[in-house]
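Q: Submitted below is the structure of interest, expressed as structure tokens.
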Amino acid sequence: MTVLQAGMLLAPTMHEQGAARYGRIVAAQLAALAIRGHIDVHIGSDGFDGADSLRAVLLPGPPDSVAAEERQLLRHLFGNGYSVRIAACTDGPGWDRLNATVRHELIANGFGWARPDRYRALRTMVRLRRRMLDYAAQRPAWQDDEPLHRAGYPYAVLFAADTGPGPHWPGPEYGSQAQLSLPWNLPQACAHAVRDSGEVAYSAPPVGTEERLAEVEQLLIAMDSHSQGVRHHHVVEAERLHRLIDDYRWRYSFHTLTTSPRPEVLRAALLDLVRETETVRAYVPPGVPGHEEAVLVSTYAVRLSDLVLDRTP
């Protein structure tokens, strides 16, 4: 799985929206390409400040091969050239085609919305983020374990754990002698490129009712599974959540708001379930057994509400 695919899978759980979200996903992939020696990223465009000044340079003789969507990203950025100001890459249809390719590859690899492997992968990434933040809290320096820090940096960008003010994943030292440059404002540069193209890339075609309901069922199965993990450690506190998930699955999972014969009842049941996931999540703070499962249940509930209330493609 490429970083682009991981980002698209993680996207519904990210706090950022629109261009900022898509820009962070692209920035994480560009960081991976820079670490692997395909490109160099640096500050150096005269007449521009901050993120708008970042440039990417295509390097000759890459040491490893690239996946289809990585090759498409490089072609989109550079065209027939070798140096580009990242924020100037405002070809909306190009971003749109890249988005379609990544989504197609996700589905081809078995990570479609209604596939169990999608939620297993998401669970793994949530755990990875927690462990990366725990490690970053020790404030290691880049040179303490450079291979580890190189491997983790693209995912730190994806998780928005690459910059402070709190603990963040170590980055390479800056300076004229630095062998690797990963500017902290790379996500902003990519977000500006997507924003100025009209945010074409993050739109997606509408999903039919059958596909929505298939995903609703899969989400409820995942929520039930992870709520069992919470109950294992917090029997009393998670009991009501477990009952609400089970009740919703058997009473309401066959409808969205627009197809339900009693939409007000469906909405009330859904909001009750979402509130309870947040209550349990607040009760199980980081470091307490069951926290990761509670976070996943809450995350899935957000996606569930978007589907049922027809708020997302």
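FYI, nothing fancy with the structure tokens labels: chains A, B, ... in order, residues from 1 per chain, ligands from 1 as they appear.
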Using only C-alpha atoms, I'd like a table of the residues in region 156-271 of chain A that come within 9 Å of region 293-302 of chain A; for each, show the closest atom pair and its distance in Å rounded to one decimal, ordered by chain and ascending number, as a Markdown table.

A:
```
| residue | atom | partner | partner_atom | distance |
| --- | --- | --- | --- | --- |
| A:Leu219 | CA | A:Tyr300 | CA | 6.2 |
| A:Leu220 | CA | A:Tyr300 | CA | 8.1 |
| A:Ala222 | CA | A:Val297 | CA | 7.7 |
| A:Met223 | CA | A:Val297 | CA | 5.0 |
| A:Asp224 | CA | A:Val297 | CA | 8.1 |
| A:Ser225 | CA | A:Glu293 | CA | 8.9 |
| A:His226 | CA | A:Glu293 | CA | 5.1 |
| A:Ser227 | CA | A:Val297 | CA | 6.6 |
| A:Gln228 | CA | A:Glu293 | CA | 8.6 |
| A:Gly229 | CA | A:Glu293 | CA | 6.2 |
| A:Val230 | CA | A:Glu293 | CA | 6.0 |
| A:Leu270 | CA | A:Ala301 | CA | 8.8 |
```

Q: Can you list, as JSON, numbers by chain, all residues belonging to region 164-302 of chain A that DSSP tags as alpha helix (DSSP H)?

A: {"A": [186, 187, 188, 189, 190, 191, 192, 193, 194, 195, 209, 210, 211, 212, 213, 214, 215, 216, 217, 218, 219, 220, 221, 222, 223, 224, 225, 226, 227, 228, 229, 230, 231, 232, 233, 235, 236, 237, 238, 239, 240, 241, 242, 243, 244, 245, 246, 247, 248, 249, 250, 251, 252, 263, 264, 265, 266, 267, 268, 269, 270, 271, 272, 273, 274, 275, 276, 277, 278, 279, 280, 281, 282, 283, 291, 292, 293, 294, 295, 296, 297, 298, 299, 300, 301, 302]}

Q: Can you list, as a VMD selection string, every residue of region 3-94 of chain A that DSSP puts in strand (DSSP E or B)?

A: chain A and resid 39 to 43 54 to 58 83 to 85

Q: Could you dump the residues just selected with all heavy atoms as a short mmCIF file (atom, residue, chain, number, x, y, z; two decimals), in the first residue's frame?

A:
```
data_model
loop_
_atom_site.label_atom_id
_atom_site.label_comp_id
_atom_site.auth_asym_id
_atom_site.auth_seq_id
_atom_site.Cartn_x
_atom_site.Cartn_y
_atom_site.Cartn_z
N ILE A 39 12.87 12.65 -5.44
CA ILE A 39 12.76 14.10 -5.58
C ILE A 39 13.52 14.78 -4.44
O ILE A 39 13.87 14.15 -3.44
CB ILE A 39 11.28 14.57 -5.55
CG1 ILE A 39 10.64 14.27 -4.18
CG2 ILE A 39 10.49 13.95 -6.69
CD1 ILE A 39 9.25 14.85 -4.02
N ASP A 40 13.74 16.07 -4.63
CA ASP A 40 14.28 16.92 -3.56
C ASP A 40 13.29 18.07 -3.36
O ASP A 40 12.77 18.63 -4.34
CB ASP A 40 15.66 17.46 -3.95
CG ASP A 40 16.21 18.41 -2.89
OD1 ASP A 40 16.21 18.02 -1.71
OD2 ASP A 40 16.62 19.53 -3.24
N VAL A 41 13.01 18.41 -2.12
CA VAL A 41 12.08 19.49 -1.80
C VAL A 41 12.84 20.55 -1.02
O VAL A 41 13.53 20.24 -0.04
CB VAL A 41 10.88 18.98 -0.97
CG1 VAL A 41 9.91 20.13 -0.68
CG2 VAL A 41 10.16 17.85 -1.69
N HIS A 42 12.73 21.80 -1.45
CA HIS A 42 13.48 22.86 -0.76
C HIS A 42 12.77 24.19 -0.93
O HIS A 42 11.85 24.35 -1.75
CB HIS A 42 14.91 22.95 -1.31
CG HIS A 42 14.97 23.29 -2.76
ND1 HIS A 42 14.98 24.59 -3.24
CD2 HIS A 42 14.99 22.49 -3.87
CE1 HIS A 42 15.03 24.57 -4.55
NE2 HIS A 42 15.04 23.32 -4.98
N ILE A 43 13.18 25.16 -0.13
CA ILE A 43 12.66 26.52 -0.22
C ILE A 43 13.53 27.28 -1.22
O ILE A 43 14.74 27.28 -1.10
CB ILE A 43 12.70 27.21 1.15
CG1 ILE A 43 11.84 26.44 2.14
CG2 ILE A 43 12.24 28.66 1.06
CD1 ILE A 43 11.97 26.91 3.57
N LEU A 54 7.96 26.77 -1.80
CA LEU A 54 8.57 25.43 -1.86
C LEU A 54 8.64 24.92 -3.29
O LEU A 54 7.69 25.03 -4.06
CB LEU A 54 7.77 24.44 -1.01
CG LEU A 54 7.75 24.65 0.50
CD1 LEU A 54 7.15 23.43 1.19
CD2 LEU A 54 9.13 24.93 1.04
N ARG A 55 9.80 24.34 -3.62
CA ARG A 55 10.01 23.75 -4.94
C ARG A 55 10.33 22.27 -4.80
O ARG A 55 10.94 21.85 -3.81
CB ARG A 55 11.15 24.44 -5.67
CG ARG A 55 10.93 25.90 -6.00
CD ARG A 55 11.96 26.40 -7.01
NE ARG A 55 11.71 25.83 -8.33
CZ ARG A 55 10.85 26.35 -9.22
NH1 ARG A 55 10.16 27.43 -8.91
NH2 ARG A 55 10.70 25.79 -10.39
N ALA A 56 9.95 21.52 -5.80
CA ALA A 56 10.31 20.10 -5.89
C ALA A 56 11.18 19.92 -7.13
O ALA A 56 10.90 20.49 -8.19
CB ALA A 56 9.08 19.23 -5.98
N VAL A 57 12.23 19.14 -6.98
CA VAL A 57 13.16 18.87 -8.08
C VAL A 57 13.19 17.38 -8.33
O VAL A 57 13.38 16.59 -7.39
CB VAL A 57 14.57 19.39 -7.76
CG1 VAL A 57 15.53 19.05 -8.90
CG2 VAL A 57 14.56 20.89 -7.51
N LEU A 58 12.97 16.97 -9.58
CA LEU A 58 13.00 15.56 -9.94
C LEU A 58 14.45 15.12 -10.08
O LEU A 58 15.22 15.71 -10.83
CB LEU A 58 12.25 15.35 -11.25
CG LEU A 58 12.03 13.91 -11.71
CD1 LEU A 58 11.17 13.15 -10.70
CD2 LEU A 58 11.36 13.89 -13.09
N SER A 83 11.86 20.71 -12.45
CA SER A 83 11.75 21.56 -11.27
C SER A 83 10.43 22.31 -11.31
O SER A 83 10.04 22.82 -12.36
CB SER A 83 12.92 22.55 -11.21
OG SER A 83 12.81 23.40 -10.07
N VAL A 84 9.72 22.37 -10.18
CA VAL A 84 8.41 22.99 -10.16
C VAL A 84 8.14 23.60 -8.79
O VAL A 84 8.60 23.09 -7.77
CB VAL A 84 7.31 21.96 -10.50
CG1 VAL A 84 7.23 20.88 -9.43
CG2 VAL A 84 5.96 22.62 -10.69
N ARG A 85 7.44 24.74 -8.79
CA ARG A 85 6.95 25.30 -7.53
C ARG A 85 5.66 24.56 -7.18
O ARG A 85 4.70 24.58 -7.95
CB ARG A 85 6.72 26.80 -7.66
CG ARG A 85 6.36 27.49 -6.34
CD ARG A 85 6.37 29.00 -6.49
NE ARG A 85 5.32 29.45 -7.41
CZ ARG A 85 4.07 29.71 -7.03
NH1 ARG A 85 3.70 29.54 -5.77
NH2 ARG A 85 3.19 30.13 -7.93
#
```

Q: Tell me which of A:Val102, A:Val216, A:Leu180, A:Ala191 sits closest to Gly18 (chain A), counting only C-alpha atoms.

A: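 Closest to Gly18 (chain A), using only C-alpha atoms: A:Ala191.
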
Q: Counting only C-alpha atoms, what is within 8 Å of region 265-267 of chain A, bar same-chain residues fewer than 5 positions away, as a ChimeraX atom specification?

A: /A:252,257,260,309

Q: Which one of A:Arg251, A:Arg127, A:Arg115, A:His192 sits closest to Ala19 (chain A) if you count only C-alpha atoms?

A: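 The closest residue to Ala19 (chain A) is A:His192.
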
Q: Between A:Trp113, A:Ile35, A:Leu213, A:Ser53, single out the one closest to His149 (chain A), counting only C-alpha atoms.

A: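 Ranking A:Trp113, A:Ile35, A:Leu213, A:Ser53 by distance to His149 (chain A), first place goes to A:Ile35.
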
Q: Report, in Å with one decimal, the straight-line distance from CA of Arg303 (chain A) to CA of Leu271 (chain A).

A: 12.6 Å

Q: Could you jot down the CA of Leu4 (chain A) to CA of Gln143 (chain A) separation for me, Å, one decimal place?

A: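 CA of Gln143 (chain A) lies at a distance of 26.8 Å from CA of Leu4 (chain A).
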
Q: Suppose you want the space between CA of Ile107 (chain A) and CA of Arg131 (chain A); what is it in Å?

A: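 Between CA of Ile107 (chain A) and CA of Arg131 (chain A) the gap is 27.6 Å.
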
Q: Which polymer residues have any atom within 10 Å of an atom of Leu106 (chain A), counting only C-alpha atoms, with same-chain residues fewer than 2 positions away left out, as a list in words?

A: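 Contacts, with the query itself left out: Met1, Thr2, Leu4, Gln5, Ala6, Met8, Leu9, Ala100, Thr101, Val102, Arg103, His104, Ala108, Asn109, Gly110, Phe111, Gly112, Trp113 and Arg118 of chain A.
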